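Peer 1: Next comes start_5.cif, mmCIF, C-alpha atoms:
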```cif
data_coords
#
loop_
_atom_site.label_atom_id
_atom_site.label_comp_id
_atom_site.auth_asym_id
_atom_site.auth_seq_id
_atom_site.Cartn_x
_atom_site.Cartn_y
_atom_site.Cartn_z
CA MET A 289 134.13 -103.12 2.59
CA ALA A 290 130.52 -102.12 2.71
CA PRO A 291 129.21 -103.08 6.11
CA GLY A 292 125.88 -104.80 6.10
CA SER A 293 125.95 -105.44 2.38
CA ASP A 294 126.94 -109.07 2.60
CA ARG A 295 125.16 -110.99 5.32
CA SER A 296 126.37 -114.41 4.39
CA LEU A 297 129.19 -115.98 6.26
CA SER A 298 131.88 -116.22 3.71
CA ARG A 299 134.63 -118.76 3.76
CA ARG A 300 137.12 -116.00 4.51
CA ASP A 301 135.18 -114.88 7.57
CA ASN A 302 135.01 -118.42 8.88
CA ALA A 303 138.70 -118.97 8.20
CA LEU A 304 139.64 -115.82 10.13
CA PHE A 305 137.40 -116.85 13.02
CA VAL A 306 138.87 -120.34 13.18
CA LEU A 307 142.38 -118.91 12.99
CA CYS A 308 141.75 -116.53 15.90
CA VAL A 309 140.17 -119.28 17.99
CA ALA A 310 143.09 -121.59 17.20
CA LEU A 311 145.62 -118.93 18.26
CA SER A 312 143.70 -118.38 21.51
CA VAL A 313 143.65 -122.11 22.21
CA VAL A 314 147.39 -122.35 21.50
CA MET A 315 147.99 -119.65 24.12
CA LEU A 316 145.76 -121.50 26.57
CA VAL A 317 147.62 -124.74 26.00
CA ARG A 318 151.09 -123.16 25.97
CA PRO A 319 151.01 -120.43 28.65
CA ASP A 320 154.74 -119.81 28.25
CA TRP A 321 154.14 -118.65 24.68
CA GLY A 322 151.12 -116.68 25.76
CA ASN A 323 153.01 -114.97 28.56
CA MET A 324 155.79 -114.05 26.15
CA VAL A 325 153.34 -112.49 23.69
CA THR A 326 151.31 -110.63 26.33
CA GLY A 327 154.52 -109.38 27.94
CA MET A 328 155.53 -107.88 24.60
CA VAL A 329 152.07 -106.32 24.22
CA ARG A 330 152.28 -104.77 27.71
CA GLN A 331 155.68 -103.26 27.01
CA SER A 332 154.82 -101.88 23.58
CA VAL A 333 151.22 -101.15 22.53
CA LEU A 334 149.76 -100.98 26.03
CA ARG A 335 152.58 -99.01 27.60
CA PRO A 336 151.09 -95.51 27.05
CA PHE A 337 147.64 -96.74 28.05
CA LEU A 338 148.91 -98.30 31.26
CA TRP A 339 150.80 -95.10 31.99
CA MET A 340 147.50 -93.25 31.54
CA GLN A 341 145.73 -95.67 33.87
CA GLN A 342 148.46 -95.32 36.47
CA ARG A 343 148.02 -91.52 36.49
CA ALA A 344 144.25 -92.01 36.83
CA GLU A 345 144.68 -94.43 39.74
CA GLU A 346 147.08 -92.02 41.44
CA SER A 347 144.73 -89.08 41.04
CA ARG A 348 141.80 -91.15 42.35
CA THR A 349 143.68 -92.04 45.49
CA SER A 350 145.49 -88.71 45.84
CA ARG A 351 142.66 -86.92 47.65
CA ALA A 352 142.27 -89.66 50.22
CA ALA A 353 146.04 -89.88 50.49
CA PHE A 354 146.26 -86.12 51.02
CA ASP A 355 143.75 -86.20 53.86
CA ARG A 356 145.53 -89.14 55.44
CA LEU A 357 148.93 -87.48 55.09
CA ARG A 358 147.63 -84.25 56.61
CA ALA A 359 146.28 -86.18 59.58
CA GLU A 360 149.56 -88.05 59.90
CA ARG A 361 151.52 -84.79 59.67
CA ASP A 362 149.43 -83.27 62.47
CA SER A 363 149.94 -86.35 64.59
CA ALA A 364 153.64 -86.37 63.80
CA ALA A 365 154.00 -82.69 64.68
CA TYR A 366 152.25 -83.32 67.98
CA ALA A 367 154.29 -86.41 68.72
CA ALA A 368 157.55 -84.73 67.77
CA GLN A 369 157.28 -82.48 70.81
CA PHE A 370 157.70 -85.50 73.04
CA LEU A 371 159.79 -87.65 70.73
CA PRO A 372 163.02 -88.06 72.75
CA SER A 373 161.18 -88.96 75.93
CA LEU A 374 158.77 -91.20 74.03
CA ARG A 375 161.62 -93.04 72.34
CA SER A 376 163.46 -93.73 75.56
CA GLU A 377 160.24 -94.75 77.30
CA ASN A 378 159.33 -97.05 74.41
CA GLN A 379 162.75 -98.69 74.49
CA ARG A 380 162.58 -99.12 78.25
CA LEU A 381 159.12 -100.73 78.03
CA ARG A 382 160.20 -103.04 75.21
CA ASP A 383 163.22 -104.09 77.26
CA LEU A 384 160.97 -104.75 80.23
CA LEU A 385 158.64 -106.88 78.12
CA GLY A 386 161.47 -108.68 76.40
CA LEU A 387 160.49 -107.49 72.92
CA GLY A 388 163.02 -107.07 70.18
CA LYS A 389 163.46 -103.99 68.06
CA ARG A 390 160.65 -103.24 65.69
CA LEU A 391 161.47 -104.54 62.26
CA THR A 392 162.51 -102.26 59.48
CA ILE A 393 161.37 -104.09 56.39
CA ARG A 394 162.54 -102.91 53.05
CA TYR A 395 159.56 -102.57 50.80
CA ILE A 396 158.46 -100.93 47.59
CA PRO A 397 155.04 -99.26 47.53
CA ALA A 398 152.97 -99.77 44.38
CA GLU A 399 149.61 -98.77 42.97
CA VAL A 400 147.29 -101.54 41.76
CA LEU A 401 146.01 -101.09 38.21
CA HIS A 402 142.66 -102.88 38.31
CA GLN A 403 141.06 -104.12 35.09
CA SER A 404 137.44 -104.54 34.07
CA LEU A 405 137.62 -108.29 33.48
CA PRO A 406 135.95 -110.74 35.86
CA THR A 407 139.31 -112.42 36.42
CA ASP A 408 140.74 -109.20 37.84
CA GLY A 409 141.81 -109.97 41.37
CA ARG A 410 143.55 -113.19 40.44
CA THR A 411 146.36 -111.23 38.87
CA LEU A 412 147.25 -107.61 39.53
CA ILE A 413 149.33 -105.19 37.53
CA LEU A 414 151.50 -103.20 39.93
CA SER A 415 152.99 -99.80 39.18
CA ALA A 416 156.50 -100.74 40.32
CA GLY A 417 158.95 -102.84 38.36
CA GLN A 418 162.59 -103.61 37.80
CA ASP A 419 163.53 -99.93 37.88
CA GLN A 420 162.30 -99.74 41.47
CA GLY A 421 164.04 -102.98 42.46
CA VAL A 422 161.16 -105.45 42.22
CA GLN A 423 162.15 -109.04 41.54
CA PRO A 424 160.16 -112.15 40.66
CA PHE A 425 158.78 -114.03 43.69
CA ASP A 426 158.76 -110.98 45.95
CA ALA A 427 155.83 -111.19 48.36
CA VAL A 428 153.02 -108.65 47.92
CA VAL A 429 151.16 -107.54 51.04
CA SER A 430 148.59 -104.96 52.05
CA ALA A 431 148.05 -103.55 55.52
CA GLU A 432 145.74 -106.49 56.25
CA GLY A 433 148.00 -109.33 55.14
CA LEU A 434 149.16 -111.46 52.24
CA VAL A 435 147.96 -110.45 48.77
CA GLY A 436 150.15 -112.57 46.51
CA VAL A 437 153.50 -112.90 44.84
CA VAL A 438 155.23 -111.12 41.97
CA ARG A 439 155.54 -113.39 38.95
CA PHE A 440 156.56 -111.21 36.00
CA VAL A 441 158.70 -108.12 36.26
CA GLU A 442 159.07 -105.48 33.58
CA ALA A 443 160.94 -102.20 33.64
CA GLU A 444 158.19 -100.01 35.07
CA ARG A 445 155.56 -102.54 36.08
CA SER A 446 155.15 -106.01 37.45
CA VAL A 447 152.44 -108.65 37.47
CA ALA A 448 151.46 -110.36 40.71
CA PHE A 449 149.50 -113.57 41.14
CA THR A 450 147.19 -113.20 44.12
CA TRP A 451 145.91 -115.86 46.50
CA ALA A 452 142.72 -115.99 44.38
CA HIS A 453 144.64 -117.43 41.43
CA PRO A 454 143.87 -121.14 40.97
CA ASP A 455 147.59 -121.97 40.93
CA PHE A 456 148.37 -120.11 44.15
CA ARG A 457 149.92 -122.13 46.96
CA ALA A 458 151.74 -121.04 50.10
CA SER A 459 153.07 -122.89 53.08
CA ALA A 460 151.32 -121.68 56.22
CA PHE A 461 150.90 -122.45 59.87
CA THR A 462 148.51 -121.48 62.62
CA GLN A 463 149.17 -119.13 65.49
CA PRO A 464 148.97 -120.40 68.13
CA GLY A 465 149.32 -124.10 67.62
CA ALA A 466 151.88 -124.20 64.85
CA VAL A 467 149.78 -126.57 62.77
CA PHE A 468 151.29 -126.65 59.30
CA GLY A 469 149.47 -126.87 56.00
CA VAL A 470 149.27 -125.50 52.50
CA ILE A 471 147.10 -122.51 51.65
CA ALA A 472 145.15 -122.61 48.38
CA PRO A 473 141.99 -120.96 46.98
CA ALA A 474 138.83 -122.72 48.14
CA LEU A 475 135.88 -123.75 45.98
CA GLN A 476 133.49 -122.38 48.58
CA VAL A 477 132.52 -118.74 48.92
CA SER A 478 131.12 -116.81 51.85
CA GLY A 479 128.62 -114.29 50.55
CA SER A 480 130.51 -112.65 47.72
CA ASP A 481 133.89 -113.31 49.28
CA GLN A 482 136.16 -116.04 48.06
CA LEU A 483 137.73 -118.18 50.73
CA LEU A 484 141.01 -119.98 51.16
CA GLN A 485 141.59 -123.47 52.42
CA LEU A 486 144.34 -124.78 54.64
CA LYS A 487 145.06 -128.23 53.19
CA GLY A 488 147.36 -131.00 54.20
CA VAL A 489 146.79 -130.65 57.93
CA ALA A 490 147.57 -133.90 59.72
CA ILE A 491 144.55 -135.85 61.01
CA ARG A 492 145.94 -135.72 64.54
CA ASP A 493 145.90 -131.90 64.52
CA SER A 494 142.79 -129.85 65.04
CA VAL A 495 142.49 -126.12 64.68
CA PRO A 496 139.91 -124.11 66.63
CA LEU A 497 137.75 -121.54 64.85
CA GLY A 498 139.16 -118.05 64.85
CA THR A 499 142.77 -119.19 64.73
CA LEU A 500 145.09 -116.91 62.80
CA VAL A 501 146.92 -118.47 59.84
CA THR A 502 150.21 -116.94 58.74
CA THR A 503 152.88 -117.82 56.23
CA SER A 504 155.41 -120.30 57.57
CA GLY A 505 158.42 -119.27 55.53
CA LEU A 506 158.89 -122.80 54.21
CA GLY A 507 159.66 -122.87 50.52
CA GLY A 508 161.63 -119.66 50.56
CA VAL A 509 159.09 -117.47 48.76
CA TYR A 510 157.10 -115.80 51.54
CA PRO A 511 158.71 -114.51 54.73
CA THR A 512 157.48 -115.99 57.99
CA GLY A 513 154.55 -114.38 59.75
CA ILE A 514 152.51 -112.62 57.07
CA PRO A 515 148.83 -112.92 58.09
CA VAL A 516 146.90 -115.02 55.57
CA GLY A 517 143.51 -115.25 57.23
CA THR A 518 141.39 -116.68 60.01
CA VAL A 519 139.99 -120.21 60.28
CA ILE A 520 136.19 -120.13 59.98
CA GLY A 521 135.33 -123.80 59.57
CA GLN A 522 136.28 -127.24 58.41
CA ALA A 523 135.72 -128.54 54.89
CA SER A 524 134.89 -132.13 54.11
CA GLU A 525 137.72 -134.30 52.92
CA GLU A 526 136.73 -137.51 51.22
CA THR A 527 139.87 -139.59 51.43
CA GLY A 528 140.30 -139.17 55.17
CA TRP A 529 144.02 -138.63 55.00
CA GLU A 530 144.09 -135.00 55.97
CA ARG A 531 142.06 -132.19 57.47
CA ILE A 532 141.05 -129.19 55.40
CA TYR A 533 140.08 -125.91 57.04
CA LEU A 534 138.29 -122.96 55.48
CA VAL A 535 140.11 -119.68 55.98
CA ARG A 536 138.67 -116.19 55.60
CA PRO A 537 141.41 -114.20 53.85
CA ALA A 538 142.92 -111.25 55.65
CA ALA A 539 143.40 -109.17 52.52
CA ASN A 540 141.10 -108.72 49.53
CA PRO A 541 143.03 -108.32 46.25
CA GLU A 542 139.98 -106.97 44.43
CA ALA A 543 139.74 -104.08 46.87
CA ALA A 544 143.45 -103.37 47.16
CA THR A 545 144.47 -100.05 45.67
CA GLN A 546 147.94 -99.77 47.14
CA VAL A 547 150.23 -102.62 48.16
CA LEU A 548 153.74 -103.16 49.44
CA ILE A 549 156.20 -105.39 47.65
CA LEU A 550 158.48 -106.86 50.30
CA ARG A 551 162.16 -106.80 49.49
CA ASN A 552 163.01 -108.52 52.72
CA PRO A 553 165.38 -111.48 52.81
CA LYS A 554 163.12 -114.48 52.44
CA ASN A 555 164.05 -116.17 55.70
CA ALA A 556 163.58 -113.12 57.91
CA PRO A 557 160.36 -113.15 59.96
CA VAL A 558 158.03 -110.21 59.43
CA GLY A 559 155.20 -111.28 61.73
CA PRO A 560 156.07 -108.90 64.57
CA ALA A 561 155.66 -105.97 62.22
CA PHE A 562 152.07 -106.96 61.47
CA ALA A 563 151.41 -107.72 65.14
CA ALA A 564 152.66 -104.28 66.12
CA ASP A 565 150.43 -102.62 63.52
CA SER A 566 147.35 -104.55 64.51
CA ALA A 567 147.99 -103.88 68.19
CA SER A 568 148.16 -100.16 67.60
CA MET B 193 118.29 -102.20 10.08
CA ILE B 194 120.90 -99.77 11.22
CA GLN B 195 121.51 -97.20 8.54
CA ILE B 196 125.23 -97.22 8.08
CA ARG B 197 127.12 -94.86 5.87
CA ALA B 198 130.75 -95.38 5.34
CA ASP B 199 132.60 -92.85 7.41
CA ARG B 200 135.22 -94.92 9.09
CA SER B 201 137.34 -92.00 10.28
CA ARG B 202 134.60 -90.75 12.60
CA LEU B 203 134.00 -94.28 13.82
CA TRP B 204 137.69 -94.63 14.61
CA MET B 205 137.60 -91.34 16.52
CA VAL B 206 134.76 -92.63 18.69
CA LEU B 207 136.60 -95.94 19.22
CA GLY B 208 139.77 -94.03 20.16
CA LEU B 209 137.80 -91.91 22.60
CA LEU B 210 136.39 -95.06 24.20
CA ALA B 211 139.89 -96.51 24.54
CA VAL B 212 141.07 -93.35 26.29
CA LEU B 213 138.01 -93.39 28.55
CA HIS B 214 138.77 -97.00 29.44
CA PHE B 215 142.20 -96.19 30.79
CA ALA B 216 141.80 -92.59 31.95
CA VAL B 217 138.26 -92.44 33.35
CA ARG B 218 137.20 -95.97 34.31
CA PRO B 219 139.83 -96.24 37.12
CA ARG B 220 138.36 -93.08 38.70
CA LEU B 221 134.91 -94.65 38.81
CA GLY B 222 136.04 -97.32 41.28
CA ALA B 223 134.40 -100.76 41.55
CA PRO B 224 136.24 -102.34 38.59
CA GLN B 225 133.87 -105.34 38.61
CA VAL B 226 130.87 -103.12 37.90
CA ALA B 227 132.33 -100.14 36.03
CA PRO B 228 131.49 -100.05 32.30
CA ASP B 229 133.93 -101.81 30.02
CA PHE B 230 134.69 -99.17 27.40
CA LEU B 231 137.02 -101.46 25.43
CA MET B 232 134.31 -104.09 25.11
CA LEU B 233 131.87 -101.39 24.06
CA ALA B 234 134.31 -100.19 21.40
CA LEU B 235 134.73 -103.75 20.14
CA LEU B 236 130.97 -104.29 19.88
CA LEU B 237 130.40 -100.94 18.15
CA TYR B 238 133.08 -101.92 15.65
CA ALA B 239 131.88 -105.51 15.29
CA ILE B 240 128.32 -104.57 14.38
CA ARG B 241 129.68 -102.50 11.51
CA SER B 242 132.06 -105.10 10.17
CA ARG B 243 132.12 -108.48 8.55
CA PRO B 244 132.32 -111.42 10.97
CA GLY B 245 135.88 -112.29 10.04
CA THR B 246 137.14 -108.76 10.61
CA ALA B 247 135.18 -108.56 13.85
CA ALA B 248 136.75 -111.84 15.00
CA VAL B 249 140.24 -110.45 14.34
CA ALA B 250 139.35 -107.23 16.18
CA GLY B 251 138.02 -109.32 19.05
CA PHE B 252 141.20 -111.37 19.13
CA LEU B 253 143.35 -108.22 19.32
CA VAL B 254 141.22 -106.64 22.06
CA GLY B 255 141.28 -109.97 23.90
CA LEU B 256 145.04 -110.17 23.58
CA ALA B 257 145.28 -106.73 25.19
CA ALA B 258 142.91 -107.89 27.93
CA ASP B 259 145.06 -110.98 28.47
CA ALA B 260 148.09 -108.74 28.79
CA MET B 261 146.37 -106.63 31.44
CA ALA B 262 144.91 -109.51 33.45
CA PRO B 263 147.06 -112.56 32.65
CA SER B 264 145.22 -114.96 34.92
CA ARG B 265 144.92 -117.51 32.13
CA VAL B 266 146.47 -116.19 28.94
CA GLY B 267 144.35 -116.95 25.89
CA ALA B 268 141.01 -117.02 27.73
CA ALA B 269 140.24 -113.35 27.07
CA ALA B 270 141.40 -113.64 23.46
CA LEU B 271 139.05 -116.58 22.95
CA ALA B 272 136.12 -114.85 24.66
CA HIS B 273 136.49 -111.59 22.74
CA THR B 274 136.96 -113.43 19.43
CA VAL B 275 133.75 -115.39 19.87
CA VAL B 276 131.74 -112.36 21.02
CA GLY B 277 133.08 -110.15 18.22
CA TYR B 278 132.26 -112.79 15.62
CA LEU B 279 128.77 -113.42 17.00
CA ALA B 280 128.01 -109.68 17.24
CA ALA B 281 128.91 -109.17 13.60
CA TRP B 282 126.99 -112.27 12.54
CA GLY B 283 123.99 -111.52 14.75
CA ARG B 284 123.63 -108.00 13.39
CA ALA B 285 122.31 -109.51 10.19
CA VAL B 286 119.64 -111.34 12.12
CA PHE B 287 118.21 -109.09 14.79
CA PHE B 288 119.83 -105.67 14.91
CA PRO B 289 117.24 -102.98 14.32
CA ASP B 290 117.62 -99.24 14.83
CA ASN B 291 116.28 -99.43 18.32
CA LEU B 292 118.21 -98.04 21.25
CA PHE B 293 116.86 -100.64 23.65
CA VAL B 294 117.77 -103.54 21.38
CA ASN B 295 121.22 -102.05 20.81
CA GLY B 296 121.71 -101.83 24.56
CA LEU B 297 120.37 -105.34 25.07
CA VAL B 298 122.74 -106.84 22.51
CA ILE B 299 125.70 -105.00 24.04
CA ALA B 300 124.70 -106.17 27.51
CA LEU B 301 124.42 -109.76 26.25
CA GLY B 302 127.83 -109.42 24.61
CA VAL B 303 129.46 -108.29 27.87
CA TRP B 304 127.77 -111.07 29.84
CA LEU B 305 128.73 -113.71 27.26
CA ARG B 306 132.32 -112.46 27.20
CA ASN B 307 132.51 -112.73 30.98
CA ALA B 308 130.94 -116.20 30.94
CA ILE B 309 133.35 -117.58 28.32
CA LEU B 310 136.28 -115.92 30.08
CA LEU B 311 135.36 -117.40 33.44
CA PHE B 312 134.82 -120.91 32.05
CA ALA B 313 137.98 -120.81 29.95
CA SER B 314 140.08 -119.60 32.85
CA GLY B 315 138.78 -122.26 35.22
CA SER B 316 136.90 -120.46 37.97
CA ALA B 317 136.03 -122.05 41.28
CA GLY B 318 132.38 -123.16 41.63
CA GLY B 319 130.92 -120.74 44.16
CA ASN B 320 132.90 -117.84 42.86
CA LEU B 321 131.71 -118.61 39.33
CA THR B 322 128.06 -118.33 40.40
CA MET B 323 128.61 -114.93 41.98
CA ALA B 324 130.58 -113.71 39.00
CA LEU B 325 128.02 -114.90 36.46
CA LEU B 326 124.83 -114.00 38.28
CA VAL B 327 125.80 -110.82 40.09
CA TRP B 328 128.90 -109.05 38.83
CA ALA B 329 128.60 -109.87 35.12
CA PRO B 330 124.97 -108.66 34.83
CA LEU B 331 125.83 -105.47 36.73
CA GLN B 332 128.75 -104.77 34.42
CA ALA B 333 126.58 -105.63 31.41
CA ILE B 334 123.97 -103.09 32.55
CA THR B 335 126.46 -100.28 33.17
CA THR B 336 128.11 -100.96 29.81
CA ALA B 337 124.73 -101.00 28.04
CA LEU B 338 123.75 -97.69 29.66
CA THR B 339 127.08 -96.21 28.58
CA ALA B 340 126.46 -97.58 25.09
CA ALA B 341 123.06 -95.87 24.98
CA LEU B 342 124.70 -92.60 25.97
CA VAL B 343 127.42 -92.99 23.36
CA LEU B 344 124.89 -93.88 20.66
CA LEU B 345 122.75 -90.87 21.52
CA LEU B 346 125.69 -88.48 21.65
CA PHE B 347 127.48 -89.77 18.57
CA GLN B 348 124.68 -91.12 16.41
CA ARG B 349 125.64 -88.77 13.58
CA TRP B 350 129.29 -89.72 13.85
CA LEU B 351 128.39 -93.38 13.99
CA ASP B 352 125.98 -92.91 11.12
CA ILE B 353 123.02 -94.65 12.64
CA ARG B 354 119.39 -93.68 12.81
CA LEU B 355 117.86 -94.69 16.06
CA GLU B 356 114.14 -95.19 16.34
CA ALA B 357 112.41 -92.87 18.76
#
```
I'd like the structure from this file rewritten - as structure tokens, please.

Peer 2:
Amino acid sequence: MAPGSDRSLSRRDNALFVLCVALSVVMLVRPDWGNMVTGMVRQSVLRPFLWMQQRAEESRTSRAAFDRLRAERDSAAYAAQFLPSLRSENQRLRDLLGLGKRLTIRYIPAEVLHQSLPTDGRTLILSAGQDQGVQPFDAVVSAEGLVGVVRFVEAERSVAFTWAHPDFRASAFTQPGAVFGVIAPALQVSGSDQLLQLKGVAIRDSVPLGTLVTTSGLGGVYPTGIPVGTVIGQASEETGWERIYLVRPAANPEAATQVLILRNPKNAPVGPAFAADSAS
Amino acid sequence: MIQIRADRSRLWMVLGLLAVLHFAVRPRLGAPQVAPDFLMLALLLYAIRSRPGTAAVAGFLVGLAADAMAPSRVGAAALAHTVVGYLAAWGRAVFFPDNLFVNGLVIALGVWLRNAILLFASGSAGGNLTMALLVWAPLQAITTALTAALVLLLFQRWLDIRLEA
């Protein structure tokens, strides 16, 4: 076909355009079909490209990881000299304070394969999949807190929906106070940062600013105690049946390069692990 | 008008190179919201050399791949890329001279329009939509347009275009 020779919009061109638009709309209307098709595309045509991207992501983070590992090795070598006495002292102090043993959470580390689309951050492609033991509805966390949940799992990769996805919901409660609500993406933003909202809080309950919000464990998807964010204000609620609080998220999915996929039993609390990390 | 001679094999080599750059180099640049979109650039370079129908199909396929990589709302990227591919091919007949600046401008507009359609079709939240449309999308459009200018200058013989000085 000679490009530029025929400038008129032929019937064939219009028919192809309408067909492509119609197929796109069908996928929008029937996401189950769309997910099936895109899953097949990811596992076939895109597989070598995603492999290439994964190598690129790993090499980008490898230098920083090397420096961090070298620092950790030096610290570990130093600490190892005093390890037996440190361990016994640590145990004695924990006994004195009435603390339990530090949790050993089974997790799977994964690289995040970011995309160039503006909707990147609502969903993340993770570099770990069924082969590594990932399952649908595993919680995804970063060092700061909750990132999202695994929705689709393939052999070598998985797709996570983050808290920024419009359909994201999680049962949460405040610490302290134990005020329960449902976490969802907020319409408001703070600067360039998207916020969350804690909905469904009873009118009789009030939450002070700065209160930490963590997952409650209700619903059986997220373990108890994963930090979600901090309350920064109250949003208006027109019906007057509930209170809605704005929450600044603890973790930013758009900035996450490495995450942990929790393989912990769903009802086991993981909050003390985060508390221990933040305390140190 | 762009002087186009039929040498599709060289065009395909440039498009293949852009696809490799998208997956092998773009992740190393960091800042995925701002980094140039090499796939979109490849689509627009192809679209402005094709008939609107073919460009729409190419846009649909690129959009399907984008939906597979960021399945926030499957179908939104396919729709956005289809419309932009079709309009780029159609618009070439109207206002596409051999000027590097105009080429860059059209590519920047294409990236911004793709992002706008994608965000509306995938149902973005209000405040977040403003930031995405007025800050991140223009920045990505600029970086992609600058990359396009570089590609056009480096490969103008391969792409068979004559750019005005």

Peer 1: Restrict the distance test to all atoms listed in the file, flag each residue of chain A within 6 Å of chain B, and return the flagged residues as an NGL selection string.

Peer 2: :A and (291 or 295 or 301 or 304-305 or 309 or 312 or 315-316 or 322 or 326 or 330 or 340-341 or 344-345 or 348 or 404 or 411 or 475-477)

Peer 1: Any idea what the distance is between CA of Asp408 in chain A and CA of Ala341 in chain B?

Peer 2: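 Atom-to-atom, CA of Asp408 in chain A to CA of Ala341 in chain B, that is 25.6 Å.
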
Peer 1: Distance CA of Gly513 in chain A-CA of Val437 in chain A, one decimal place?

Peer 2: 15.0 Å

Peer 1: How far is it from CA of Pro424 in chain A to CA of Leu405 in chain A, in Å with one decimal?

Peer 2: 24.0 Å

Peer 1: For the file shown, report as a ChimeraX atom specification the outcome of the PyMOL selection byres ((chain A and resi 397) around 8) at residue level.

Peer 2: /A:395-396,398-399,416,546-549

Peer 1: I'd like to see the residues matched by the PyMOL selection byres ((chain A and resi 331) around 12) on this file, and ideally I'd get them as number ranges by chain.

Peer 2: A: 324-330, 332-339, 417, 441-446; B: 257, 260-261

Peer 1: I need the residue set behind the PyMOL selection byres ((chain A and resi 506-509) around 12) for this file; please write it as a PyMOL selection string.

Peer 2: chain A and resi 423-428+436-439+456-461+468-470+502-505+510-514+550-557
